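Containing CSV, C-alpha atoms: data-v4.csv.
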```csv
chain,number,residue,atom,x,y,z
A,1,MET,CA,-7.3,-20.1,-3.4
A,2,VAL,CA,-7.8,-16.4,-3.8
A,3,PRO,CA,-5.9,-14.8,-6.7
A,4,GLN,CA,-3.4,-12.2,-5.7
A,5,LEU,CA,-2.4,-8.9,-7.3
A,6,ARG,CA,0.9,-7.5,-6.1
A,7,ALA,CA,1.6,-3.8,-5.8
A,8,GLY,CA,5.4,-3.4,-6.2
A,9,SER,CA,7.9,-0.7,-7.0
A,10,ASP,CA,8.2,-1.2,-10.7
A,11,PHE,CA,9.1,2.0,-12.5
A,12,ASP,CA,6.7,3.4,-15.1
A,13,SER,CA,9.0,5.2,-17.5
A,14,HIS,CA,6.2,7.2,-19.2
A,15,ARG,CA,5.2,8.7,-15.9
A,16,ALA,CA,8.8,9.4,-15.0
A,17,VAL,CA,9.3,11.3,-18.3
A,18,SER,CA,6.1,13.2,-18.1
A,19,GLY,CA,6.7,14.0,-14.5
A,20,VAL,CA,10.0,15.7,-15.0
A,21,PRO,CA,9.8,19.2,-13.6
A,22,ARG,CA,10.0,21.9,-16.2
A,23,GLY,CA,11.5,25.4,-15.7
A,24,PRO,CA,11.4,28.6,-17.8
A,25,HIS,CA,11.6,28.3,-21.6
A,26,GLY,CA,10.7,24.6,-21.6
A,27,ARG,CA,13.9,23.5,-19.8
A,28,VAL,CA,13.9,20.1,-18.1
A,29,GLY,CA,15.5,19.9,-14.8
A,30,ALA,CA,15.5,18.4,-11.3
A,31,THR,CA,16.3,20.2,-8.1
A,32,GLY,CA,18.4,18.3,-5.7
A,33,ARG,CA,20.8,15.4,-6.0
A,34,GLY,CA,21.7,14.4,-9.5
A,35,THR,CA,20.4,17.6,-11.1
A,36,VAL,CA,20.2,17.4,-14.8
A,37,ARG,CA,19.3,20.5,-16.8
A,38,ALA,CA,18.7,20.8,-20.5
A,39,SER,CA,18.9,23.7,-22.9
A,40,PRO,CA,16.5,24.0,-25.9
A,41,LYS,CA,19.5,25.2,-28.0
A,42,GLY,CA,20.6,21.7,-28.6
A,43,PRO,CA,23.8,19.8,-27.7
A,44,SER,CA,26.7,21.8,-26.5
A,45,THR,CA,30.2,21.5,-28.0
A,46,PRO,CA,33.2,20.6,-25.8
A,47,GLY,CA,34.1,23.5,-23.5
A,48,GLU,CA,30.7,25.3,-23.8
A,49,GLY,CA,29.4,24.1,-20.4
A,50,SER,CA,27.5,21.2,-19.1
A,51,THR,CA,24.1,21.6,-20.8
A,52,VAL,CA,22.7,18.6,-22.7
A,53,THR,CA,19.7,18.1,-25.0
A,54,GLU,CA,16.3,17.6,-23.5
A,55,GLN,CA,16.2,14.1,-24.9
A,56,SER,CA,19.5,13.1,-23.2
A,57,ALA,CA,18.4,14.7,-19.9
A,58,VAL,CA,15.2,12.7,-19.9
A,59,GLU,CA,17.2,9.5,-20.8
A,60,VAL,CA,19.6,10.1,-17.9
A,61,ILE,CA,16.7,10.6,-15.4
A,62,VAL,CA,14.9,7.5,-16.6
A,63,GLU,CA,18.0,5.4,-16.5
A,64,ARG,CA,18.8,6.5,-12.9
A,65,ARG,CA,15.2,5.8,-11.7
A,66,GLN,CA,15.1,2.4,-13.4
A,67,ALA,CA,18.2,1.1,-11.9
A,68,PRO,CA,17.1,-1.8,-9.7
A,69,ILE,CA,18.4,-2.4,-6.2
A,70,ASP,CA,19.6,-5.9,-5.6
A,71,TYR,CA,18.3,-6.3,-2.0
A,72,ILE,CA,19.5,-9.9,-1.6
A,73,ASP,CA,23.1,-9.0,-2.4
A,74,ARG,CA,22.9,-5.8,-0.4
A,75,THR,CA,21.5,-7.6,2.7
A,76,ARG,CA,24.1,-10.3,2.4
A,77,GLU,CA,26.9,-7.8,2.3
A,78,GLN,CA,25.4,-5.8,5.2
A,79,TYR,CA,25.1,-8.8,7.4
A,80,SER,CA,28.6,-10.0,6.6
A,81,GLY,CA,30.0,-6.5,7.3
A,82,LEU,CA,28.4,-6.5,10.7
A,83,GLY,CA,29.8,-9.9,11.6
A,84,TYR,CA,26.5,-11.8,11.5
A,85,PRO,CA,26.0,-15.2,9.9
A,86,PRO,CA,24.5,-15.2,6.4
A,87,TYR,CA,20.8,-14.1,6.2
A,88,ALA,CA,18.5,-17.1,6.0
A,89,TRP,CA,16.2,-16.4,3.1
A,90,THR,CA,13.0,-18.3,2.8
A,91,HIS,CA,13.3,-21.2,0.4
A,92,SER,CA,10.2,-23.0,-0.9
A,93,GLU,CA,10.4,-26.4,-2.5
A,94,ASP,CA,7.2,-25.9,-4.5
A,95,ALA,CA,5.9,-22.9,-6.3
A,96,PRO,CA,2.5,-21.5,-5.1
A,97,PRO,CA,-0.4,-23.1,-7.0
A,98,TRP,CA,-1.5,-21.0,-10.0
A,99,THR,CA,-5.0,-19.6,-9.7
A,100,GLU,CA,-6.8,-17.8,-12.5
A,101,VAL,CA,-8.5,-14.5,-11.9
A,102,PRO,CA,-12.2,-15.4,-12.2
A,103,GLY,CA,-13.1,-12.4,-14.3
A,104,PRO,CA,-12.5,-8.7,-15.1
A,105,LEU,CA,-11.8,-6.6,-12.0
A,106,SER,CA,-14.8,-4.5,-12.7
A,107,GLU,CA,-17.0,-7.5,-11.7
A,108,LEU,CA,-14.9,-8.7,-8.7
A,109,ARG,CA,-14.8,-8.2,-5.0
A,110,LEU,CA,-11.3,-7.0,-4.0
A,111,GLY,CA,-9.5,-7.4,-0.7
A,112,VAL,CA,-6.2,-6.0,0.5
A,113,ILE,CA,-3.4,-7.4,2.7
A,114,ALA,CA,-0.8,-4.7,3.5
A,115,THR,CA,2.4,-5.2,5.5
A,116,GLY,CA,3.2,-1.6,6.4
A,117,GLY,CA,2.1,-1.9,10.1
A,118,ILE,CA,-1.2,0.1,9.5
A,119,TYR,CA,-3.8,0.1,12.2
A,120,ARG,CA,-6.9,2.1,13.1
A,121,ALA,CA,-6.9,4.6,16.0
A,122,GLY,CA,-8.2,2.7,19.0
A,123,GLN,CA,-6.6,-0.6,17.9
A,124,THR,CA,-3.4,-1.8,19.5
A,125,ALA,CA,-0.3,-0.8,17.5
A,126,PHE,CA,2.0,-3.5,16.2
A,127,THR,CA,5.1,-4.5,18.2
A,128,TYR,CA,8.6,-4.7,16.7
A,129,LYS,CA,9.5,-8.3,17.7
A,130,ASP,CA,8.0,-10.9,15.3
A,131,ASP,CA,4.5,-9.7,15.7
A,132,THR,CA,2.3,-12.2,13.8
A,133,THR,CA,-1.0,-10.6,14.7
A,134,TYR,CA,-3.1,-8.8,12.1
A,135,ARG,CA,-5.6,-6.0,12.1
A,136,ALA,CA,-9.0,-6.0,10.4
A,137,ILE,CA,-9.8,-2.5,9.2
A,138,PRO,CA,-13.3,-1.7,7.8
A,139,THR,CA,-13.1,-0.5,4.2
A,140,ASP,CA,-15.3,2.5,5.0
A,141,VAL,CA,-12.9,3.8,7.6
A,142,ALA,CA,-11.8,7.5,7.3
A,143,ALA,CA,-8.2,7.7,6.2
A,144,GLU,CA,-7.6,10.2,9.0
A,145,GLU,CA,-8.2,7.4,11.5
A,146,LEU,CA,-5.4,5.3,10.2
A,147,ARG,CA,-1.9,5.1,11.8
A,148,ALA,CA,1.3,3.3,10.9
A,149,THR,CA,4.1,1.9,13.0
A,150,HIS,CA,7.1,-0.1,11.6
A,151,PHE,CA,10.8,-0.5,12.3
A,152,ALA,CA,12.0,-1.1,8.8
A,153,TYR,CA,11.0,1.9,6.8
A,154,ASP,CA,10.8,5.7,7.2
A,155,LEU,CA,7.3,6.5,8.5
A,156,THR,CA,7.3,10.2,7.6
A,157,ASP,CA,5.4,9.9,4.3
A,158,ALA,CA,3.1,7.2,5.6
A,159,ARG,CA,2.0,9.4,8.5
A,160,ASP,CA,1.5,12.3,6.2
A,161,ASP,CA,-0.5,10.4,3.7
A,162,ILE,CA,-1.4,6.8,4.6
A,163,ASN,CA,-2.1,6.0,0.9
A,164,VAL,CA,1.6,5.7,0.1
A,165,VAL,CA,1.5,2.3,1.9
A,166,PHE,CA,-2.2,1.6,2.1
A,167,PRO,CA,-4.0,2.9,-1.0
A,168,ILE,CA,-7.5,3.1,0.5
A,169,ASP,CA,-8.6,6.3,-1.2
A,170,THR,CA,-7.3,5.1,-4.5
A,171,LEU,CA,-9.2,1.8,-4.3
A,172,ARG,CA,-12.4,3.6,-3.4
A,173,ALA,CA,-11.9,5.9,-6.4
A,174,LEU,CA,-11.5,2.8,-8.6
A,175,VAL,CA,-14.7,1.4,-7.3
A,176,ALA,CA,-16.5,4.7,-8.0
A,177,GLU,CA,-15.1,4.7,-11.5
A,178,GLY,CA,-16.4,1.2,-12.1
A,179,ARG,CA,-12.9,-0.2,-12.6
A,180,VAL,CA,-13.2,-2.4,-9.5
A,181,GLY,CA,-16.5,-4.2,-8.8
A,182,GLU,CA,-16.5,-3.7,-5.0
A,183,LEU,CA,-14.3,-3.9,-1.9
A,184,GLY,CA,-14.6,-6.6,0.7
A,185,PRO,CA,-15.9,-5.6,4.2
A,186,ASN,CA,-12.4,-5.4,5.6
A,187,PHE,CA,-8.8,-4.7,4.7
A,188,TYR,CA,-6.1,-6.7,6.6
A,189,THR,CA,-2.8,-5.4,7.7
A,190,CYS,CA,0.2,-6.8,9.5
A,191,MET,CA,3.8,-6.0,10.5
A,192,GLY,CA,5.9,-7.1,7.6
A,193,GLY,CA,9.2,-7.3,9.5
A,194,ILE,CA,8.8,-10.8,10.8
A,195,TYR,CA,12.0,-12.9,11.0
A,196,SER,CA,10.3,-16.1,12.0
A,197,GLN,CA,9.4,-17.9,8.8
A,198,ARG,CA,7.8,-20.7,10.7
A,199,ARG,CA,5.4,-18.3,12.6
A,200,VAL,CA,4.4,-16.6,9.3
A,201,SER,CA,3.6,-19.9,7.6
A,202,GLU,CA,1.9,-21.5,10.6
A,203,GLU,CA,0.2,-18.6,12.3
A,204,LEU,CA,-0.2,-15.4,10.2
A,205,ALA,CA,-0.8,-16.7,6.7
A,206,PRO,CA,-3.5,-19.3,7.6
A,207,ALA,CA,-5.3,-16.7,9.7
A,208,LEU,CA,-5.4,-14.2,6.8
A,209,VAL,CA,-6.5,-16.9,4.3
A,210,GLU,CA,-9.3,-17.8,6.6
A,211,ARG,CA,-10.5,-14.2,6.8
A,212,CYS,CA,-10.3,-13.7,3.0
A,213,LEU,CA,-12.4,-16.8,2.4
A,214,ALA,CA,-14.9,-15.7,5.0
A,215,ASP,CA,-15.2,-12.3,3.3
A,216,GLU,CA,-15.9,-14.1,0.0
A,217,LEU,CA,-13.1,-12.2,-1.9
A,218,ASP,CA,-12.5,-12.9,-5.5
A,219,VAL,CA,-9.0,-11.4,-5.6
A,220,VAL,CA,-6.5,-9.9,-3.1
A,221,LEU,CA,-4.2,-7.0,-3.6
A,222,LEU,CA,-0.9,-7.5,-1.7
A,223,VAL,CA,0.8,-4.3,-0.7
A,224,PRO,CA,4.3,-5.1,0.7
A,225,VAL,CA,6.6,-2.5,2.2
```
What does this structure look like when you write it as structure tokens?
Amino acid sequence: MVPQLRAGSDFDSHRAVSGVPRGPHGRVGATGRGTVRASPKGPSTPGEGSTVTEQSAVEVIVERRQAPIDYIDRTREQYSGLGYPPYAWTHSEDAPPWTEVPGPLSELRLGVIATGGIYRAGQTAFTYKDDTTYRAIPTDVAAEELRATHFAYDLTDARDDINVVFPIDTLRALVAEGRVGELGPNFYTCMGGIYSQRRVSEELAPALVERCLADELDVVLLVPV
């Protein structure tokens, strides 16, 4: 079995703190919802306004961004509120078999499976109803040739920069830097919004495994949306 690396949405607190926009005089702030602005003069006393220390401003920003979203509970409540029966989550009796990564990434061949509905110009776009097909995209494709279609997420950013859901340029850079050994001949993409668990397990998953083995991949990066 090919080992898998998963790209998720875990928050990196260091990047969040260092990425906080700074205004004049070293002030920390954010423009938009939940604006927090700090004054270098230190904490204010009651009645002196709403400024806070830079440290507390950063802590507030980090705390807000780290707050996880419980998608299972949210989906359950949404379905119930719309009058639908409870959502049928996939339940596996057995855990996937553990497979050790066969060596450092700098010596391995890396593949990608992405569920963001990405396809190459000239290929058929994915459909919205339980589409269990996949697309093989050559790893040397120009990013400008890539398209995205999906019913379950806002496509605005993906269509502006495909790397937000399909990190093709980033992976090429990692190969150039020697941090990844090489890329397989193809990346594989599919439409992640498939409600038929049976068709995923019986059709899509076996087809992708077969292609990964044929490409002699050492490890696969999963990029879910």
At what distance in Å, to one decimal, does CA of Val112 (chain A) lie from CA of Leu208 (chain A)? 10.4 Å
Measuring between only C-alpha atoms, which one of A:Arg109, A:Arg199, A:Arg147, A:Arg179 shows the shortest distance to Leu213 (chain A)?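 Of A:Arg109, A:Arg199, A:Arg147, A:Arg179, the one nearest Leu213 (chain A), counting only C-alpha atoms, is A:Arg109.
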What's the separation between CA of Ala148 (chain A) and CA of Thr170 (chain A), in Å to one decimal place? 17.7 Å
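Nearest to Asp157 (chain A) of all the residues A:Asp94, A:Gly116, A:Ile137, A:Tyr195 is A:Gly116, based on only C-alpha atoms.
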Could you check how far CA of Tyr71 (chain A) sits from CA of Val220 (chain A), in Å to one decimal?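 Rounded to one decimal, the two atoms are 25.1 Å apart.
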Using only C-alpha atoms, which of A:Leu110, A:Leu171, A:Thr90, A:Thr189 sits nearest Glu216 (chain A)? A:Leu110
Select, from A:Val225, A:Ala143, A:Ala214, A:Ala136, the residue with the minimum atom-to-atom distance to Asp161 (chain A), counting all atoms listed in the file. A:Ala143
For each of A:Asp140, A:Glu107, A:Asp73, A:Glu100, take the minimum atom-to-atom distance to Gly181 (chain A), counting only C-alpha atoms, then give the residue where this is smallest.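 Among A:Asp140, A:Glu107, A:Asp73, A:Glu100, it is A:Glu107 that comes nearest to Gly181 (chain A).
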From the options A:Ala142, A:Ile113, A:Ala125, A:Ala207, which residue's atoms come nearest to Asp169 (chain A), counting all atoms listed in the file? A:Ala142
Counting all atoms listed in the file, write as a PyMOL selection string all protein and nucleic acid residues lying at most 12 Å from (15.1, -1.6, 9.1) in the file's frame. chain A and resi 75+78+128+150-155+192-195+225
Place N, CA and C atoms on region 163-197 of chain A and deliver the coordinates as a short mmCIF file (atom, residue, chain, number, x, y, z; two decimals), keeping the file's coordinate frame.
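Result file is result_37.cif:
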```cif
data_model
loop_
_atom_site.label_atom_id
_atom_site.label_comp_id
_atom_site.auth_asym_id
_atom_site.auth_seq_id
_atom_site.Cartn_x
_atom_site.Cartn_y
_atom_site.Cartn_z
N ASN A 163 -1.97 6.69 2.19
CA ASN A 163 -2.10 6.00 0.90
C ASN A 163 -0.84 5.56 0.27
N VAL A 164 0.30 6.09 0.71
CA VAL A 164 1.60 5.70 0.10
C VAL A 164 1.90 4.22 0.48
N VAL A 165 1.33 3.71 1.56
CA VAL A 165 1.50 2.30 1.90
C VAL A 165 0.24 1.54 2.07
N PHE A 166 -0.88 2.24 1.92
CA PHE A 166 -2.20 1.60 2.10
C PHE A 166 -3.19 2.40 1.26
N PRO A 167 -3.33 2.02 -0.03
CA PRO A 167 -4.00 2.90 -1.00
C PRO A 167 -5.56 2.84 -0.88
N ILE A 168 -6.05 3.20 0.28
CA ILE A 168 -7.50 3.10 0.50
C ILE A 168 -8.30 4.07 -0.29
N ASP A 169 -7.85 5.32 -0.40
CA ASP A 169 -8.60 6.30 -1.20
C ASP A 169 -8.55 5.98 -2.67
N THR A 170 -7.41 5.49 -3.13
CA THR A 170 -7.30 5.10 -4.50
C THR A 170 -8.23 3.98 -4.89
N LEU A 171 -8.32 2.98 -4.03
CA LEU A 171 -9.20 1.80 -4.30
C LEU A 171 -10.66 2.27 -4.29
N ARG A 172 -11.03 3.14 -3.38
CA ARG A 172 -12.40 3.60 -3.40
C ARG A 172 -12.72 4.39 -4.66
N ALA A 173 -11.75 5.16 -5.15
CA ALA A 173 -11.90 5.90 -6.40
C ALA A 173 -12.12 4.91 -7.57
N LEU A 174 -11.36 3.81 -7.57
CA LEU A 174 -11.50 2.80 -8.60
C LEU A 174 -12.85 2.15 -8.62
N VAL A 175 -13.39 1.94 -7.43
CA VAL A 175 -14.70 1.40 -7.30
C VAL A 175 -15.75 2.40 -7.88
N ALA A 176 -15.60 3.67 -7.50
CA ALA A 176 -16.50 4.70 -8.00
C ALA A 176 -16.48 4.86 -9.47
N GLU A 177 -15.30 4.63 -10.07
CA GLU A 177 -15.10 4.70 -11.50
C GLU A 177 -15.61 3.47 -12.24
N GLY A 178 -15.94 2.43 -11.49
CA GLY A 178 -16.40 1.20 -12.10
C GLY A 178 -15.24 0.29 -12.57
N ARG A 179 -14.01 0.61 -12.20
CA ARG A 179 -12.90 -0.20 -12.60
C ARG A 179 -12.66 -1.40 -11.70
N VAL A 180 -13.16 -1.31 -10.48
CA VAL A 180 -13.20 -2.40 -9.50
C VAL A 180 -14.63 -2.63 -9.12
N GLY A 181 -15.06 -3.89 -9.07
CA GLY A 181 -16.50 -4.20 -8.80
C GLY A 181 -16.87 -3.65 -7.39
N GLU A 182 -16.22 -4.16 -6.35
CA GLU A 182 -16.50 -3.70 -5.00
C GLU A 182 -15.33 -4.13 -4.09
N LEU A 183 -15.31 -3.53 -2.91
CA LEU A 183 -14.30 -3.90 -1.90
C LEU A 183 -14.92 -4.82 -0.90
N GLY A 184 -14.09 -5.69 -0.34
CA GLY A 184 -14.60 -6.60 0.70
C GLY A 184 -14.90 -5.73 1.96
N PRO A 185 -15.49 -6.35 2.97
CA PRO A 185 -15.90 -5.60 4.20
C PRO A 185 -14.70 -5.10 4.99
N ASN A 186 -13.55 -5.76 4.87
CA ASN A 186 -12.40 -5.40 5.60
C ASN A 186 -11.12 -5.41 4.79
N PHE A 187 -10.17 -4.55 5.14
CA PHE A 187 -8.80 -4.70 4.70
C PHE A 187 -8.01 -5.30 5.84
N TYR A 188 -6.92 -6.00 5.51
CA TYR A 188 -6.10 -6.70 6.60
C TYR A 188 -4.68 -6.16 6.49
N THR A 189 -4.14 -5.89 7.65
CA THR A 189 -2.80 -5.40 7.70
C THR A 189 -1.98 -6.15 8.75
N CYS A 190 -0.67 -6.12 8.57
CA CYS A 190 0.20 -6.80 9.50
C CYS A 190 1.56 -6.07 9.52
N MET A 191 2.43 -6.53 10.39
CA MET A 191 3.80 -6.00 10.50
C MET A 191 4.68 -6.86 9.59
N GLY A 192 5.19 -6.28 8.52
CA GLY A 192 5.90 -7.10 7.60
C GLY A 192 7.30 -7.56 8.05
N GLY A 193 7.88 -6.89 9.03
CA GLY A 193 9.20 -7.30 9.50
C GLY A 193 9.21 -8.40 10.46
N ILE A 194 8.86 -9.59 9.98
CA ILE A 194 8.80 -10.80 10.80
C ILE A 194 9.92 -11.72 10.43
N TYR A 195 10.80 -12.05 11.33
CA TYR A 195 12.00 -12.90 11.00
C TYR A 195 11.70 -14.36 11.15
N SER A 196 10.61 -14.73 11.80
CA SER A 196 10.30 -16.10 12.00
C SER A 196 9.48 -16.64 10.80
N GLN A 197 10.14 -17.36 9.89
CA GLN A 197 9.40 -17.90 8.80
C GLN A 197 8.36 -18.91 9.21
#
```
